[in-house]
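Working notes, structure below.
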Amino acid sequence: MLEEENERKEEGCLCASGDILFLACAGGSNVGQISNQAAVELAKEGKGRLFCLAGIGAHIDAMILPAKERKLVAIDGCPVPCAKKILDHAGLPVALSVVITDLDIEKTPMLEVDAADCKRVVEKTKEGLRA
Ligand code: SF4
């Protein structure tokens with residue numbers, strides 16, 4: 001559903017592309033790094049735009065104001081879940097929340113991004129966008 005709306009916007013006007021914003025926790029763990037890589041890959045596939053979670057956490061108006069008009073997808077590494085909480089604290093509703101450890105991907109302190117795990121997160125997020 002979200003995916004279809006995004007595609008419709010892109011068909012109508014390129015300026016409107018990025019109706020969906022991906023915000024990754026980008027934490028210091030394998031799952032944190034997978035969150036960022038998955039968001040990058042989703043953006044490269046044209047499913048939406050990668051957006052600056054740090055800017056929202058820093059209360060930068062120029063980041064918060066445009067985010068208010070978009071559909072926000074939080075991709076978190078684990079159930080803490082920092083990206084979703086930052087958006088909650090900024091008063092920004094989350095349209096879709098993906099938590100990577102919910103996919104039975106174990107959190108470790110290693111920073112390597114497992115390509116197969118990343119692909120699962122990308123696919124799970126796309127599934128959520130279609131729902
Ligand atoms: S959601 Fe988990 S992995 Fe991501 S920054 Fe927070 S504690 Fe780290």
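Chain lettering (A, B, ...) mirrors the order of the structure tokens, residue numbering begins at 1 for each chain separately, and ligand numbering begins at 1 in order of display.
For ligand 1, the protein and nucleic acid residues at most 8 Å away, judged by only C-alpha atoms and all ligand atoms, amount to Ala24, Cys25, Ala26, Gly27, Gly28, Ser29, Asn30, Val31, Gly32, Gln33, Ser35, Asp76, Gly77, Cys78, Pro79, Val80, Pro81, Cys82, Ala83, Val99 and Lys107 of chain A.
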Output all heavy atoms of each residue in that selection to a file, as a short mmCIF file (atom, residue, chain, number, x, y, z; two decimals), in the first residue's frame.
```cif
data_model
loop_
_atom_site.label_atom_id
_atom_site.label_comp_id
_atom_site.auth_asym_id
_atom_site.auth_seq_id
_atom_site.Cartn_x
_atom_site.Cartn_y
_atom_site.Cartn_z
N ALA A 24 17.04 4.65 9.69
CA ALA A 24 17.70 3.48 10.28
C ALA A 24 18.41 3.87 11.57
O ALA A 24 18.97 4.96 11.69
CB ALA A 24 18.72 2.93 9.28
N CYS A 25 18.38 2.96 12.55
CA CYS A 25 19.05 3.27 13.82
C CYS A 25 20.56 3.37 13.62
O CYS A 25 21.22 4.13 14.32
CB CYS A 25 18.71 2.22 14.88
SG CYS A 25 19.59 0.65 14.71
N ALA A 26 21.10 2.60 12.65
CA ALA A 26 22.54 2.63 12.34
C ALA A 26 23.41 2.43 13.58
O ALA A 26 24.45 3.07 13.73
CB ALA A 26 22.90 3.94 11.62
N GLY A 27 22.96 1.54 14.45
CA GLY A 27 23.66 1.32 15.72
C GLY A 27 24.98 0.59 15.58
O GLY A 27 25.32 0.06 14.52
N GLY A 28 25.72 0.55 16.68
CA GLY A 28 27.05 -0.05 16.70
C GLY A 28 27.04 -1.55 16.94
O GLY A 28 27.62 -2.03 17.91
N SER A 29 26.38 -2.26 16.08
CA SER A 29 26.27 -3.72 16.17
C SER A 29 26.00 -4.22 14.76
O SER A 29 25.74 -3.43 13.85
CB SER A 29 25.10 -4.11 17.09
OG SER A 29 23.89 -3.61 16.55
N ASN A 30 26.03 -5.54 14.62
CA ASN A 30 25.73 -6.07 13.28
C ASN A 30 24.34 -5.63 12.82
O ASN A 30 24.15 -5.17 11.69
CB ASN A 30 25.86 -7.61 13.26
CG ASN A 30 24.83 -8.29 14.15
OD1 ASN A 30 24.47 -7.75 15.20
ND2 ASN A 30 24.39 -9.46 13.76
N VAL A 31 23.36 -5.75 13.71
CA VAL A 31 21.99 -5.42 13.30
C VAL A 31 21.81 -3.91 13.07
O VAL A 31 21.04 -3.49 12.20
CB VAL A 31 20.94 -5.96 14.31
CG1 VAL A 31 20.83 -7.47 14.19
CG2 VAL A 31 21.25 -5.53 15.72
N GLY A 32 22.56 -3.10 13.82
CA GLY A 32 22.51 -1.65 13.59
C GLY A 32 23.05 -1.31 12.21
O GLY A 32 22.49 -0.49 11.48
N GLN A 33 24.16 -1.94 11.86
CA GLN A 33 24.76 -1.68 10.55
C GLN A 33 23.91 -2.26 9.42
O GLN A 33 23.80 -1.66 8.35
CB GLN A 33 26.18 -2.24 10.50
CG GLN A 33 27.13 -1.53 11.46
CD GLN A 33 27.19 -0.03 11.20
OE1 GLN A 33 27.57 0.39 10.12
NE2 GLN A 33 26.80 0.77 12.17
N SER A 35 20.71 -2.35 9.54
CA SER A 35 19.58 -1.41 9.38
C SER A 35 19.94 -0.32 8.39
O SER A 35 19.15 0.04 7.52
CB SER A 35 19.16 -0.80 10.73
OG SER A 35 20.07 0.19 11.16
N ASP A 76 14.97 -0.63 12.85
CA ASP A 76 15.77 -0.73 14.07
C ASP A 76 16.46 -2.08 14.13
O ASP A 76 15.91 -3.11 13.74
CB ASP A 76 14.87 -0.57 15.30
CG ASP A 76 14.60 0.88 15.61
OD1 ASP A 76 15.57 1.61 15.90
OD2 ASP A 76 13.43 1.30 15.57
N GLY A 77 17.64 -2.07 14.72
CA GLY A 77 18.39 -3.31 14.86
C GLY A 77 17.79 -4.24 15.89
O GLY A 77 17.77 -5.45 15.71
N CYS A 78 17.32 -3.67 16.99
CA CYS A 78 16.87 -4.51 18.10
C CYS A 78 15.68 -3.86 18.79
O CYS A 78 15.29 -2.75 18.45
CB CYS A 78 18.05 -4.74 19.06
SG CYS A 78 18.43 -3.31 20.08
N PRO A 79 15.11 -4.55 19.77
CA PRO A 79 13.84 -4.06 20.34
C PRO A 79 13.96 -2.84 21.24
O PRO A 79 12.97 -2.47 21.89
CB PRO A 79 13.31 -5.26 21.14
CG PRO A 79 14.25 -6.37 20.97
CD PRO A 79 15.48 -5.87 20.30
N VAL A 80 15.11 -2.18 21.27
CA VAL A 80 15.21 -1.01 22.18
C VAL A 80 14.15 0.06 21.87
O VAL A 80 13.53 0.57 22.83
CB VAL A 80 16.65 -0.46 22.19
CG1 VAL A 80 16.74 0.87 22.95
CG2 VAL A 80 17.57 -1.47 22.87
N PRO A 81 13.69 0.34 20.73
CA PRO A 81 14.21 0.47 19.38
C PRO A 81 14.44 1.97 19.13
O PRO A 81 13.50 2.75 19.07
CB PRO A 81 13.05 -0.05 18.51
CG PRO A 81 11.80 0.29 19.30
CD PRO A 81 12.23 0.56 20.74
N CYS A 82 15.69 2.34 18.99
CA CYS A 82 16.09 3.75 19.03
C CYS A 82 15.47 4.62 17.94
O CYS A 82 15.05 5.76 18.21
CB CYS A 82 17.60 3.84 18.98
SG CYS A 82 18.38 2.97 20.36
N ALA A 83 15.45 4.14 16.71
CA ALA A 83 14.93 4.97 15.61
C ALA A 83 13.46 5.31 15.86
O ALA A 83 13.04 6.47 15.76
CB ALA A 83 15.10 4.26 14.27
N VAL A 99 11.92 -4.33 13.06
CA VAL A 99 12.95 -4.62 14.08
C VAL A 99 13.70 -5.87 13.62
O VAL A 99 13.11 -6.95 13.49
CB VAL A 99 12.31 -4.82 15.47
CG1 VAL A 99 13.39 -5.21 16.50
CG2 VAL A 99 11.57 -3.56 15.92
N LYS A 107 21.71 -10.35 17.47
CA LYS A 107 22.52 -9.14 17.62
C LYS A 107 23.89 -9.51 18.17
O LYS A 107 24.00 -10.23 19.15
CB LYS A 107 21.81 -8.17 18.58
CG LYS A 107 22.55 -6.85 18.80
CD LYS A 107 21.77 -5.96 19.74
CE LYS A 107 22.48 -4.64 19.98
NZ LYS A 107 21.74 -3.78 20.91
#
```
Practice problem: Could you tell me, as a list in words, which residues of stretch 74-112 of chain A DSSP assigns to strand (DSSP E) when given the backbone? | Solution: Ala74, Ile75, Asp76, Val94, Ala95, Leu96, Ser97, Val98 and Val99 of chain A
Practice problem: Would you mind reading off the distance between atom CA of A:Asn36 and atom CA of A:Gly91, one decimal, in Å? | Solution: 22.2 Å
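Note that atom CA of A:Glu127 and atom CA of A:Phe51 are 20.1 Å apart.
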Practice problem: Going by DSSP on the backbone, which bits of chain A are helix (DSSP H, G or I)? Write them as JSON, numbers by chain, please. | Solution: {"A": [2, 3, 4, 5, 6, 7, 8, 9, 10, 11, 12, 14, 15, 16, 30, 31, 32, 33, 34, 35, 36, 37, 38, 39, 40, 41, 42, 43, 44, 53, 54, 55, 56, 57, 61, 62, 63, 64, 65, 66, 67, 68, 82, 83, 84, 85, 86, 87, 88, 89, 100, 101, 102, 103, 115, 116, 117, 118, 119, 120, 121, 122, 123, 124, 125, 126, 127, 128, 129, 130]}
Practice problem: Quick one: pull the distance between atom CA of A:Asp102 and atom CA of A:Ile34, Å, one decimal. | Solution: 13.3 Å
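With only C-alpha atoms as the atoms that count, the residue of A:Ile60, A:Ala38, A:Val98, A:Leu21 with the shortest distance to A:Cys118 is A:Ala38.
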